[in-house]
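Text of input-v1.cif, listed as mmCIF, N, CA and C atoms and all ligand atoms:
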data_upload
loop_
_atom_site.label_atom_id
_atom_site.label_comp_id
_atom_site.auth_asym_id
_atom_site.auth_seq_id
_atom_site.Cartn_x
_atom_site.Cartn_y
_atom_site.Cartn_z
N MET A 1 -13.46 4.53 -42.12
CA MET A 1 -12.27 4.82 -41.30
C MET A 1 -11.14 3.85 -41.63
N THR A 2 -9.94 4.38 -41.75
CA THR A 2 -8.78 3.51 -41.99
C THR A 2 -8.33 2.90 -40.65
N ASP A 3 -7.49 1.86 -40.74
CA ASP A 3 -6.94 1.26 -39.51
C ASP A 3 -6.20 2.31 -38.69
N GLU A 4 -5.46 3.16 -39.40
CA GLU A 4 -4.68 4.21 -38.72
C GLU A 4 -5.61 5.15 -37.95
N GLU A 5 -6.74 5.50 -38.57
CA GLU A 5 -7.69 6.39 -37.88
C GLU A 5 -8.32 5.70 -36.67
N ILE A 6 -8.63 4.44 -36.84
CA ILE A 6 -9.21 3.68 -35.71
C ILE A 6 -8.21 3.61 -34.56
N ASN A 7 -6.94 3.30 -34.91
CA ASN A 7 -5.92 3.18 -33.87
C ASN A 7 -5.65 4.51 -33.19
N THR A 8 -5.75 5.60 -33.95
CA THR A 8 -5.60 6.93 -33.34
C THR A 8 -6.73 7.17 -32.34
N GLU A 9 -7.94 6.78 -32.70
CA GLU A 9 -9.08 6.94 -31.79
C GLU A 9 -8.90 6.11 -30.52
N ILE A 10 -8.38 4.88 -30.68
CA ILE A 10 -8.15 4.02 -29.51
C ILE A 10 -7.13 4.67 -28.58
N LEU A 11 -6.04 5.18 -29.18
CA LEU A 11 -5.01 5.82 -28.38
C LEU A 11 -5.57 7.04 -27.65
N LEU A 12 -6.33 7.84 -28.35
CA LEU A 12 -6.89 9.06 -27.74
C LEU A 12 -7.87 8.71 -26.63
N ASP A 13 -8.58 7.61 -26.80
CA ASP A 13 -9.50 7.19 -25.74
C ASP A 13 -8.72 6.80 -24.48
N HIS A 14 -7.59 6.11 -24.66
CA HIS A 14 -6.74 5.77 -23.51
C HIS A 14 -6.18 7.04 -22.87
N TYR A 15 -5.85 8.01 -23.70
CA TYR A 15 -5.29 9.27 -23.20
C TYR A 15 -6.33 10.02 -22.36
N ARG A 16 -7.56 10.04 -22.85
CA ARG A 16 -8.61 10.79 -22.15
C ARG A 16 -9.15 10.03 -20.95
N ASN A 17 -9.18 8.72 -21.06
CA ASN A 17 -9.71 7.87 -19.99
C ASN A 17 -8.68 6.79 -19.65
N PRO A 18 -7.57 7.20 -19.02
CA PRO A 18 -6.48 6.24 -18.84
C PRO A 18 -6.86 5.07 -17.93
N HIS A 19 -6.41 3.88 -18.34
CA HIS A 19 -6.58 2.69 -17.51
C HIS A 19 -5.40 2.59 -16.55
N ASN A 20 -5.64 1.99 -15.39
CA ASN A 20 -4.55 1.75 -14.43
C ASN A 20 -3.87 3.05 -14.02
N HIS A 21 -4.66 4.10 -13.87
CA HIS A 21 -4.09 5.40 -13.51
C HIS A 21 -4.05 5.52 -12.00
N GLY A 22 -2.92 5.97 -11.47
CA GLY A 22 -2.79 6.15 -10.02
C GLY A 22 -1.50 5.55 -9.53
N GLN A 23 -1.45 5.31 -8.22
CA GLN A 23 -0.23 4.76 -7.62
C GLN A 23 -0.60 3.62 -6.69
N ILE A 24 0.27 2.60 -6.64
CA ILE A 24 0.09 1.50 -5.70
C ILE A 24 0.87 1.86 -4.43
N ASP A 25 0.19 1.84 -3.29
CA ASP A 25 0.84 2.26 -2.04
C ASP A 25 1.97 1.32 -1.62
N ASP A 26 1.71 0.02 -1.70
CA ASP A 26 2.73 -0.95 -1.26
C ASP A 26 3.41 -1.60 -2.47
N ALA A 27 3.86 -0.75 -3.38
CA ALA A 27 4.45 -1.25 -4.63
C ALA A 27 5.77 -1.98 -4.38
N SER A 28 6.04 -2.98 -5.22
CA SER A 28 7.34 -3.66 -5.19
C SER A 28 8.40 -2.77 -5.82
N GLU A 29 8.00 -2.05 -6.85
CA GLU A 29 8.93 -1.16 -7.55
C GLU A 29 8.22 0.12 -7.94
N LYS A 30 9.01 1.19 -7.94
CA LYS A 30 8.47 2.49 -8.34
C LYS A 30 9.55 3.19 -9.15
N LEU A 31 9.18 3.75 -10.28
CA LEU A 31 10.21 4.38 -11.11
C LEU A 31 9.61 5.50 -11.96
N LEU A 32 10.33 6.61 -11.98
CA LEU A 32 9.91 7.75 -12.80
C LEU A 32 10.83 7.84 -14.01
N GLU A 33 10.24 7.81 -15.18
CA GLU A 33 11.02 7.96 -16.42
C GLU A 33 10.60 9.26 -17.08
N PHE A 34 11.57 9.98 -17.63
CA PHE A 34 11.14 11.19 -18.33
C PHE A 34 11.89 11.36 -19.63
N ASN A 35 11.26 12.08 -20.52
CA ASN A 35 11.84 12.35 -21.82
C ASN A 35 12.56 13.69 -21.73
N PRO A 36 13.89 13.67 -21.78
CA PRO A 36 14.63 14.93 -21.58
C PRO A 36 14.36 15.95 -22.67
N VAL A 37 13.88 15.51 -23.81
CA VAL A 37 13.64 16.44 -24.91
C VAL A 37 12.45 17.35 -24.60
N CYS A 38 11.39 16.77 -24.06
CA CYS A 38 10.16 17.55 -23.84
C CYS A 38 9.84 17.70 -22.35
N GLY A 39 10.46 16.89 -21.50
CA GLY A 39 10.19 16.95 -20.06
C GLY A 39 8.99 16.14 -19.62
N ASP A 40 8.37 15.41 -20.53
CA ASP A 40 7.20 14.62 -20.16
C ASP A 40 7.60 13.41 -19.32
N THR A 41 6.67 12.96 -18.49
CA THR A 41 7.01 11.91 -17.52
C THR A 41 6.00 10.76 -17.52
N VAL A 42 6.51 9.59 -17.14
CA VAL A 42 5.65 8.45 -16.78
C VAL A 42 6.24 7.85 -15.51
N GLN A 43 5.43 7.77 -14.47
CA GLN A 43 5.86 7.08 -13.25
C GLN A 43 5.06 5.79 -13.11
N LEU A 44 5.78 4.69 -12.95
CA LEU A 44 5.13 3.40 -12.76
C LEU A 44 5.29 2.96 -11.32
N THR A 45 4.24 2.36 -10.78
CA THR A 45 4.37 1.56 -9.55
C THR A 45 3.85 0.18 -9.92
N ILE A 46 4.62 -0.84 -9.53
CA ILE A 46 4.20 -2.20 -9.86
C ILE A 46 4.29 -3.10 -8.64
N LYS A 47 3.41 -4.07 -8.61
CA LYS A 47 3.38 -5.05 -7.54
C LYS A 47 3.72 -6.39 -8.18
N ILE A 48 4.73 -7.06 -7.62
CA ILE A 48 5.18 -8.34 -8.18
C ILE A 48 4.96 -9.43 -7.14
N ASP A 49 4.22 -10.45 -7.52
CA ASP A 49 3.99 -11.62 -6.67
C ASP A 49 4.27 -12.87 -7.49
N ASN A 50 5.10 -13.76 -6.94
CA ASN A 50 5.41 -15.01 -7.63
C ASN A 50 5.86 -14.79 -9.08
N ASP A 51 6.78 -13.87 -9.26
CA ASP A 51 7.33 -13.57 -10.60
C ASP A 51 6.27 -13.12 -11.60
N THR A 52 5.18 -12.58 -11.09
CA THR A 52 4.09 -12.09 -11.95
C THR A 52 3.75 -10.66 -11.55
N VAL A 53 3.48 -9.81 -12.53
CA VAL A 53 3.03 -8.45 -12.23
C VAL A 53 1.54 -8.55 -11.88
N SER A 54 1.26 -8.53 -10.58
CA SER A 54 -0.13 -8.69 -10.16
C SER A 54 -0.89 -7.37 -10.26
N ASP A 55 -0.17 -6.26 -10.18
CA ASP A 55 -0.83 -4.96 -10.36
C ASP A 55 0.18 -3.95 -10.87
N ILE A 56 -0.31 -2.99 -11.60
CA ILE A 56 0.56 -1.94 -12.16
C ILE A 56 -0.26 -0.69 -12.37
N LYS A 57 0.30 0.45 -11.99
CA LYS A 57 -0.40 1.73 -12.20
C LYS A 57 0.60 2.77 -12.68
N PHE A 58 0.07 3.78 -13.35
CA PHE A 58 0.95 4.86 -13.79
C PHE A 58 0.31 6.21 -13.53
N ILE A 59 1.20 7.18 -13.35
CA ILE A 59 0.79 8.58 -13.42
C ILE A 59 1.80 9.27 -14.33
N GLY A 60 1.44 10.40 -14.86
CA GLY A 60 2.41 11.06 -15.71
C GLY A 60 1.83 12.33 -16.29
N ARG A 61 2.69 12.97 -17.06
CA ARG A 61 2.27 14.20 -17.70
C ARG A 61 2.88 14.21 -19.09
N GLY A 62 2.06 14.49 -20.08
CA GLY A 62 2.64 14.55 -21.40
C GLY A 62 1.65 14.35 -22.52
N CYS A 63 2.20 14.01 -23.65
CA CYS A 63 1.42 13.97 -24.88
C CYS A 63 0.54 12.72 -24.93
N SER A 64 -0.37 12.71 -25.89
CA SER A 64 -1.29 11.58 -26.02
C SER A 64 -0.56 10.28 -26.30
N VAL A 65 0.58 10.35 -27.01
CA VAL A 65 1.30 9.11 -27.34
C VAL A 65 1.96 8.54 -26.08
N SER A 66 2.62 9.36 -25.29
CA SER A 66 3.30 8.83 -24.10
C SER A 66 2.28 8.34 -23.06
N GLN A 67 1.23 9.10 -22.84
CA GLN A 67 0.28 8.74 -21.79
C GLN A 67 -0.69 7.64 -22.28
N GLY A 68 -1.09 7.72 -23.53
CA GLY A 68 -1.97 6.69 -24.08
C GLY A 68 -1.28 5.35 -24.15
N SER A 69 0.00 5.35 -24.54
CA SER A 69 0.70 4.06 -24.63
C SER A 69 0.98 3.51 -23.24
N ALA A 70 1.18 4.37 -22.24
CA ALA A 70 1.34 3.88 -20.86
C ALA A 70 0.06 3.17 -20.41
N SER A 71 -1.08 3.75 -20.75
CA SER A 71 -2.35 3.12 -20.39
C SER A 71 -2.49 1.75 -21.07
N MET A 72 -2.15 1.69 -22.36
CA MET A 72 -2.28 0.43 -23.10
C MET A 72 -1.27 -0.61 -22.61
N LEU A 73 -0.04 -0.17 -22.33
CA LEU A 73 0.98 -1.12 -21.89
C LEU A 73 0.64 -1.69 -20.51
N THR A 74 0.14 -0.85 -19.61
CA THR A 74 -0.20 -1.37 -18.28
C THR A 74 -1.34 -2.40 -18.38
N ASP A 75 -2.30 -2.16 -19.28
CA ASP A 75 -3.34 -3.17 -19.53
C ASP A 75 -2.72 -4.48 -19.99
N LYS A 76 -1.77 -4.36 -20.93
CA LYS A 76 -1.18 -5.54 -21.56
C LYS A 76 -0.41 -6.40 -20.55
N VAL A 77 0.34 -5.76 -19.66
CA VAL A 77 1.27 -6.55 -18.83
C VAL A 77 0.68 -6.97 -17.49
N LYS A 78 -0.46 -6.41 -17.12
CA LYS A 78 -1.04 -6.81 -15.83
C LYS A 78 -1.38 -8.30 -15.86
N GLY A 79 -0.84 -9.03 -14.90
CA GLY A 79 -1.07 -10.47 -14.85
C GLY A 79 -0.04 -11.29 -15.61
N MET A 80 0.90 -10.62 -16.25
CA MET A 80 1.92 -11.35 -17.03
C MET A 80 3.11 -11.72 -16.17
N LYS A 81 3.76 -12.82 -16.56
CA LYS A 81 5.01 -13.25 -15.92
C LYS A 81 6.13 -12.29 -16.29
N ILE A 82 7.04 -12.09 -15.35
CA ILE A 82 8.20 -11.23 -15.60
C ILE A 82 8.97 -11.70 -16.84
N GLU A 83 9.15 -13.00 -16.96
CA GLU A 83 9.93 -13.52 -18.09
C GLU A 83 9.28 -13.17 -19.42
N GLU A 84 7.95 -13.14 -19.46
CA GLU A 84 7.24 -12.76 -20.69
C GLU A 84 7.38 -11.26 -20.95
N ILE A 85 7.29 -10.49 -19.88
CA ILE A 85 7.39 -9.03 -20.03
C ILE A 85 8.77 -8.64 -20.57
N LYS A 86 9.79 -9.37 -20.15
CA LYS A 86 11.15 -9.05 -20.60
C LYS A 86 11.32 -9.24 -22.11
N LYS A 87 10.44 -10.01 -22.71
CA LYS A 87 10.53 -10.23 -24.16
C LYS A 87 9.87 -9.11 -24.97
N ILE A 88 9.11 -8.24 -24.30
CA ILE A 88 8.43 -7.16 -25.03
C ILE A 88 9.49 -6.17 -25.52
N ASN A 89 9.49 -5.89 -26.81
CA ASN A 89 10.50 -4.97 -27.32
C ASN A 89 9.83 -3.75 -27.96
N GLU A 90 10.67 -2.88 -28.48
CA GLU A 90 10.16 -1.61 -29.02
C GLU A 90 9.19 -1.85 -30.17
N GLU A 91 9.51 -2.82 -31.01
CA GLU A 91 8.62 -3.11 -32.14
C GLU A 91 7.24 -3.55 -31.67
N ASP A 92 7.20 -4.30 -30.57
CA ASP A 92 5.90 -4.74 -30.03
C ASP A 92 5.04 -3.54 -29.64
N ILE A 93 5.70 -2.52 -29.08
CA ILE A 93 4.94 -1.33 -28.65
C ILE A 93 4.41 -0.58 -29.87
N ILE A 94 5.25 -0.43 -30.88
CA ILE A 94 4.81 0.27 -32.09
C ILE A 94 3.65 -0.52 -32.73
N ARG A 95 3.79 -1.86 -32.71
CA ARG A 95 2.72 -2.70 -33.28
C ARG A 95 1.44 -2.57 -32.45
N MET A 96 1.60 -2.51 -31.12
CA MET A 96 0.44 -2.37 -30.24
C MET A 96 -0.33 -1.09 -30.56
N LEU A 97 0.41 -0.02 -30.83
CA LEU A 97 -0.25 1.26 -31.12
C LEU A 97 -0.84 1.26 -32.54
N GLY A 98 -0.18 0.58 -33.46
CA GLY A 98 -0.68 0.50 -34.82
C GLY A 98 -0.65 1.82 -35.55
N LEU A 99 0.33 2.66 -35.23
CA LEU A 99 0.42 3.98 -35.85
C LEU A 99 1.80 4.17 -36.47
N LYS A 100 1.85 4.94 -37.53
CA LYS A 100 3.15 5.29 -38.11
C LYS A 100 3.67 6.50 -37.34
N LEU A 101 4.82 6.31 -36.69
CA LEU A 101 5.35 7.38 -35.85
C LEU A 101 6.75 7.76 -36.33
N GLY A 102 7.03 9.04 -36.31
CA GLY A 102 8.40 9.48 -36.60
C GLY A 102 9.29 9.20 -35.40
N PRO A 103 10.61 9.40 -35.55
CA PRO A 103 11.54 9.05 -34.48
C PRO A 103 11.25 9.75 -33.15
N SER A 104 10.84 11.01 -33.17
CA SER A 104 10.62 11.69 -31.89
C SER A 104 9.34 11.18 -31.23
N ARG A 105 8.33 10.86 -32.03
CA ARG A 105 7.10 10.30 -31.46
C ARG A 105 7.32 8.87 -30.97
N GLU A 106 8.26 8.16 -31.60
CA GLU A 106 8.57 6.81 -31.10
C GLU A 106 9.11 6.90 -29.69
N LYS A 107 9.92 7.93 -29.42
CA LYS A 107 10.45 8.10 -28.06
C LYS A 107 9.30 8.28 -27.07
N CYS A 108 8.29 9.04 -27.49
CA CYS A 108 7.10 9.23 -26.63
C CYS A 108 6.46 7.87 -26.35
N ALA A 109 6.33 7.07 -27.41
CA ALA A 109 5.64 5.78 -27.29
C ALA A 109 6.39 4.82 -26.39
N LEU A 110 7.72 4.96 -26.32
CA LEU A 110 8.54 3.98 -25.61
C LEU A 110 8.84 4.38 -24.16
N LEU A 111 8.35 5.55 -23.76
CA LEU A 111 8.64 6.03 -22.39
C LEU A 111 8.21 5.01 -21.33
N SER A 112 7.01 4.49 -21.47
CA SER A 112 6.50 3.56 -20.44
C SER A 112 7.20 2.21 -20.52
N LEU A 113 7.58 1.75 -21.72
CA LEU A 113 8.32 0.49 -21.81
C LEU A 113 9.69 0.64 -21.14
N ASN A 114 10.34 1.78 -21.36
CA ASN A 114 11.63 2.01 -20.71
C ASN A 114 11.48 1.99 -19.19
N ALA A 115 10.43 2.64 -18.70
CA ALA A 115 10.19 2.64 -17.24
C ALA A 115 9.96 1.22 -16.74
N LEU A 116 9.19 0.45 -17.48
CA LEU A 116 8.87 -0.92 -17.06
C LEU A 116 10.13 -1.79 -17.04
N GLN A 117 10.95 -1.66 -18.07
CA GLN A 117 12.18 -2.45 -18.13
C GLN A 117 13.11 -2.12 -16.97
N LYS A 118 13.17 -0.84 -16.61
CA LYS A 118 14.02 -0.45 -15.47
C LYS A 118 13.46 -0.99 -14.16
N CYS A 119 12.14 -0.96 -14.01
CA CYS A 119 11.50 -1.53 -12.80
C CYS A 119 11.87 -3.01 -12.67
N ILE A 120 11.76 -3.73 -13.76
CA ILE A 120 12.04 -5.18 -13.74
C ILE A 120 13.52 -5.42 -13.42
N ALA A 121 14.39 -4.62 -14.04
CA ALA A 121 15.83 -4.77 -13.78
C ALA A 121 16.13 -4.51 -12.31
N ASN A 122 15.52 -3.47 -11.74
CA ASN A 122 15.74 -3.17 -10.32
C ASN A 122 15.24 -4.31 -9.44
N HIS A 123 14.09 -4.84 -9.81
CA HIS A 123 13.52 -5.94 -9.04
C HIS A 123 14.45 -7.15 -9.07
N GLU A 124 15.00 -7.44 -10.23
CA GLU A 124 15.87 -8.61 -10.34
C GLU A 124 17.17 -8.41 -9.60
N LYS A 125 17.66 -7.17 -9.58
CA LYS A 125 18.87 -6.88 -8.80
C LYS A 125 18.62 -7.17 -7.33
N LYS A 126 17.48 -6.73 -6.83
CA LYS A 126 17.13 -6.98 -5.41
C LYS A 126 17.00 -8.48 -5.16
N ALA A 127 16.36 -9.18 -6.09
CA ALA A 127 16.14 -10.62 -5.91
C ALA A 127 17.46 -11.38 -5.88
N GLN A 128 18.46 -10.82 -6.55
CA GLN A 128 19.77 -11.47 -6.55
C GLN A 128 20.57 -11.15 -5.29
N GLY A 129 19.92 -10.45 -4.36
CA GLY A 129 20.57 -10.22 -3.07
C GLY A 129 21.24 -8.87 -2.95
N GLY A 130 20.90 -7.94 -3.84
CA GLY A 130 21.47 -6.60 -3.78
C GLY A 130 21.16 -5.91 -2.47
N ASN A 131 19.87 -5.96 -2.06
CA ASN A 131 19.53 -5.43 -0.73
C ASN A 131 18.18 -5.98 -0.29
FE1 LIG B 201 6.94 14.44 -24.63
FE2 LIG B 201 5.63 12.95 -26.23
S1 LIG B 201 6.06 15.06 -26.52
S2 LIG B 201 6.64 12.34 -24.44
#
Translate the structure described by the file into structure tokens.
Ligand code: FES
Amino acid sequence: MTDEEINTEILLDHYRNPHNHGQIDDASEKLLEFNPVCGDTVQLTIKIDNDTVSDIKFIGRGCSVSQGSASMLTDKVKGMKIEEIKKINEEDIIRMLGLKLGPSREKCALLSLNALQKCIANHEKKAQGGN
């Protein structure tokens, strides 16, 4: 098996058996992100304590890349400091998946990162006294 085949299997396993699937009832932030091209969705709920993501869950509908990467990303960031999460960029996600993706599939892969970045931005706005 090549690395690419192994990484495809890992992604498909996350897709079929997603980690951190569901919703947090008393979430600090909740955000639904969708891909306007295909209509697929990722909704994140996250719990933030002491500038750390203490819990994170997702629900969504869509392709193996969008849903599998949401499962992998939620695993990665659970327990991480907000400041560390803010450094995660698009290349990190592509590297995490370890797959060669065309531009439209990259959008699928980045759906959950976009949702997470918006959650963090909303949280910081509130912390700055927005409401
Ligand atoms: Fe819609 Fe992948 S085809 S997110």
- Task: Could you give me, as a PyMOL selection string, every polymer residue with an atom at most 5 Å away from an atom of ligand LIG 201 (chain B), counting all atoms listed in the file?
- Result: chain A and resi 38+40+63+66+108
Would you output that residue set with N, CA and C atoms, as a JSON list (two decimals), keeping the file's coordinate frame?
[["chain", "number", "residue", "atom", "x", "y", "z"],
["A", 38, "CYS", "N", 11.39, 16.77, -24.06],
["A", 38, "CYS", "CA", 10.16, 17.55, -23.84],
["A", 38, "CYS", "C", 9.84, 17.70, -22.35],
["A", 40, "ASP", "N", 8.37, 15.41, -20.53],
["A", 40, "ASP", "CA", 7.20, 14.62, -20.16],
["A", 40, "ASP", "C", 7.60, 13.41, -19.32],
["A", 63, "CYS", "N", 2.20, 14.01, -23.65],
["A", 63, "CYS", "CA", 1.42, 13.97, -24.88],
["A", 63, "CYS", "C", 0.54, 12.72, -24.93],
["A", 66, "SER", "N", 2.62, 9.36, -25.29],
["A", 66, "SER", "CA", 3.30, 8.83, -24.10],
["A", 66, "SER", "C", 2.28, 8.34, -23.06],
["A", 108, "CYS", "N", 8.29, 9.04, -27.49],
["A", 108, "CYS", "CA", 7.10, 9.23, -26.63],
["A", 108, "CYS", "C", 6.46, 7.87, -26.35]]
- Query: List as a ChimeraX atom specification: which residues have an atom within 6 Å of (-1.2, 3.8, -30.1), counting all atoms listed in the file?
  - Reply: /A:7,11,69,96-99
- Query: Among chain A, which residues carry a DSSP assignment of strand (DSSP E or B), reported as a PyMOL selection string?
  - Reply: chain A and resi 21+29-34+41-49+52-61+81
- Among the residues A:Lys78, A:Lys125, A:Lys100, A:Lys57, the one that comes closest to His19 in chain A [using all atoms listed in the file]: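 Checking each of A:Lys78, A:Lys125, A:Lys100, A:Lys57 against His19 in chain A, counting all atoms listed in the file, the winner is A:Lys57.
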- Mind the document's chain letters and residue numbers, and return as a PyMOL selection string the residues of chain A that DSSP labels helix (DSSP H, G or I). chain A and resi 3-16+64-77+82-85+90-97+103-127
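The residue that comes closest to Gln43 in chain A, out of A:Ser28, A:Ser112, A:Ser104, A:Gln128 and on the basis of only N, CA and C atoms, is A:Ser112.
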- Message: Calculated over all atoms listed in the file, which of the candidates A:Glu33, A:Asp51, A:Asp75, A:Glu90 has the smallest distance to Leu116 in chain A?
- Response: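 Checking each of A:Glu33, A:Asp51, A:Asp75, A:Glu90 against Leu116 in chain A, counting all atoms listed in the file, the winner is A:Glu33.
Computed from the coordinates, the atom N of Ile56 in chain A to CA of Asn20 in chain A distance equals 7.0 Å.
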- Give me, please, the distance in Å between atom C of Val42 in chain A and atom C of Thr2 in chain A, quoted to one decimal.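 Between atom C of Val42 in chain A and atom C of Thr2 in chain A the gap is 29.5 Å.
Note that the spacing between CA of Arg95 in chain A and atom C of Val37 in chain A amounts to 23.9 Å.
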- Query: Skipping near chain neighbours, those fewer than 5 positions away, what residues fall within 10 Å of Cys119 in chain A using only C-alpha atoms, listed as an MDAnalysis selection string?
  - Reply: chainID A and resid 28:32 44:46 113:114 124:125
- Top pick for closest residue to Val65 in chain A, considering A:Asn17, A:Gly129, A:Thr8, A:Val53 and counting only C-alpha atoms: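 Checking each candidate against Val65 in chain A, we get A:Thr8 as the closest.
With distances restricted to only C-alpha atoms, A:Ala115 is the closest residue to Thr74 in chain A from A:Ala127, A:Ile94, A:Ala115, A:Ile10.
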Counting only N, CA and C atoms, write as a CSV table (one decimal) with N, CA and C atoms, keeping the file's coordinate frame all protein and nucleic acid residues lying at most 8 Å from (9.1, -6.4, -19.4) in the file's frame.
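What landed in out.csv:
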chain,number,residue,atom,x,y,z
A,77,VAL,N,0.3,-5.8,-19.7
A,77,VAL,CA,1.3,-6.6,-18.8
A,77,VAL,C,0.7,-7.0,-17.5
A,81,LYS,N,3.8,-12.8,-16.6
A,81,LYS,CA,5.0,-13.2,-15.9
A,81,LYS,C,6.1,-12.3,-16.3
A,82,ILE,N,7.0,-12.1,-15.4
A,82,ILE,CA,8.2,-11.2,-15.6
A,82,ILE,C,9.0,-11.7,-16.8
A,83,GLU,N,9.2,-13.0,-17.0
A,83,GLU,CA,9.9,-13.5,-18.1
A,83,GLU,C,9.3,-13.2,-19.4
A,84,GLU,N,8.0,-13.1,-19.5
A,84,GLU,CA,7.2,-12.8,-20.7
A,84,GLU,C,7.4,-11.3,-21.0
A,85,ILE,N,7.3,-10.5,-19.9
A,85,ILE,CA,7.4,-9.0,-20.0
A,85,ILE,C,8.8,-8.6,-20.6
A,86,LYS,N,9.8,-9.4,-20.2
A,86,LYS,CA,11.2,-9.0,-20.6
A,86,LYS,C,11.3,-9.2,-22.1
A,87,LYS,N,10.4,-10.0,-22.7
A,87,LYS,CA,10.5,-10.2,-24.2
A,87,LYS,C,9.9,-9.1,-25.0
A,88,ILE,N,9.1,-8.2,-24.3
A,88,ILE,CA,8.4,-7.2,-25.0
A,88,ILE,C,9.5,-6.2,-25.5
A,89,ASN,N,9.5,-5.9,-26.8
A,89,ASN,CA,10.5,-5.0,-27.3
A,89,ASN,C,9.8,-3.8,-28.0
A,113,LEU,N,7.6,1.8,-21.7
A,113,LEU,CA,8.3,0.5,-21.8
A,113,LEU,C,9.7,0.6,-21.1
A,116,LEU,N,9.2,0.4,-17.5
A,116,LEU,CA,8.9,-0.9,-17.1
A,116,LEU,C,10.1,-1.8,-17.0
A,117,GLN,N,11.0,-1.7,-18.1
A,117,GLN,CA,12.2,-2.4,-18.1
A,117,GLN,C,13.1,-2.1,-17.0
A,118,LYS,N,13.2,-0.8,-16.6
A,118,LYS,CA,14.0,-0.4,-15.5
A,118,LYS,C,13.5,-1.0,-14.2
A,120,ILE,N,11.8,-3.7,-13.8
A,120,ILE,CA,12.0,-5.2,-13.7
A,120,ILE,C,13.5,-5.4,-13.4
A,121,ALA,N,14.4,-4.6,-14.0
A,121,ALA,CA,15.8,-4.8,-13.8
A,121,ALA,C,16.1,-4.5,-12.3
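Nearest residue to Lys107 in chain A, choosing from A:Asp25, A:Asn35, A:Arg16, A:Met80 and counting all atoms listed in the file: A:Asn35.
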Could you add N, CA, C and O atoms to range 34-46 of chain A and give me the result as a compact mmCIF listing (two decimals), keeping the file's coordinate frame?
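Final output, rebuild.txt:
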# COMPACT_ATOMS: atom_id res chain seq x y z
N PHE A 34 11.57 9.98 -17.63
CA PHE A 34 11.14 11.19 -18.33
C PHE A 34 11.89 11.36 -19.63
O PHE A 34 12.96 10.79 -19.84
N ASN A 35 11.26 12.08 -20.52
CA ASN A 35 11.84 12.35 -21.82
C ASN A 35 12.56 13.69 -21.73
O ASN A 35 11.92 14.73 -21.58
N PRO A 36 13.89 13.67 -21.78
CA PRO A 36 14.63 14.93 -21.58
C PRO A 36 14.36 15.95 -22.67
O PRO A 36 14.56 17.15 -22.46
N VAL A 37 13.88 15.51 -23.81
CA VAL A 37 13.64 16.44 -24.91
C VAL A 37 12.45 17.35 -24.60
O VAL A 37 12.50 18.56 -24.80
N CYS A 38 11.39 16.77 -24.06
CA CYS A 38 10.16 17.55 -23.84
C CYS A 38 9.84 17.70 -22.35
O CYS A 38 9.00 18.52 -21.98
N GLY A 39 10.46 16.89 -21.50
CA GLY A 39 10.19 16.95 -20.06
C GLY A 39 8.99 16.14 -19.62
O GLY A 39 8.62 16.18 -18.45
N ASP A 40 8.37 15.41 -20.53
CA ASP A 40 7.20 14.62 -20.16
C ASP A 40 7.60 13.41 -19.32
O ASP A 40 8.73 12.92 -19.41
N THR A 41 6.67 12.96 -18.49
CA THR A 41 7.01 11.91 -17.52
C THR A 41 6.00 10.76 -17.52
O THR A 41 4.82 10.95 -17.85
N VAL A 42 6.51 9.59 -17.14
CA VAL A 42 5.65 8.45 -16.78
C VAL A 42 6.24 7.85 -15.51
O VAL A 42 7.43 7.50 -15.48
N GLN A 43 5.43 7.77 -14.47
CA GLN A 43 5.86 7.08 -13.25
C GLN A 43 5.06 5.79 -13.11
O GLN A 43 3.84 5.80 -13.15
N LEU A 44 5.78 4.69 -12.95
CA LEU A 44 5.13 3.40 -12.76
C LEU A 44 5.29 2.96 -11.32
O LEU A 44 6.34 3.15 -10.71
N THR A 45 4.24 2.36 -10.78
CA THR A 45 4.37 1.56 -9.55
C THR A 45 3.85 0.18 -9.92
O THR A 45 2.82 0.04 -10.58
N ILE A 46 4.62 -0.84 -9.53
CA ILE A 46 4.20 -2.20 -9.86
C ILE A 46 4.29 -3.10 -8.64
O ILE A 46 5.12 -2.89 -7.76
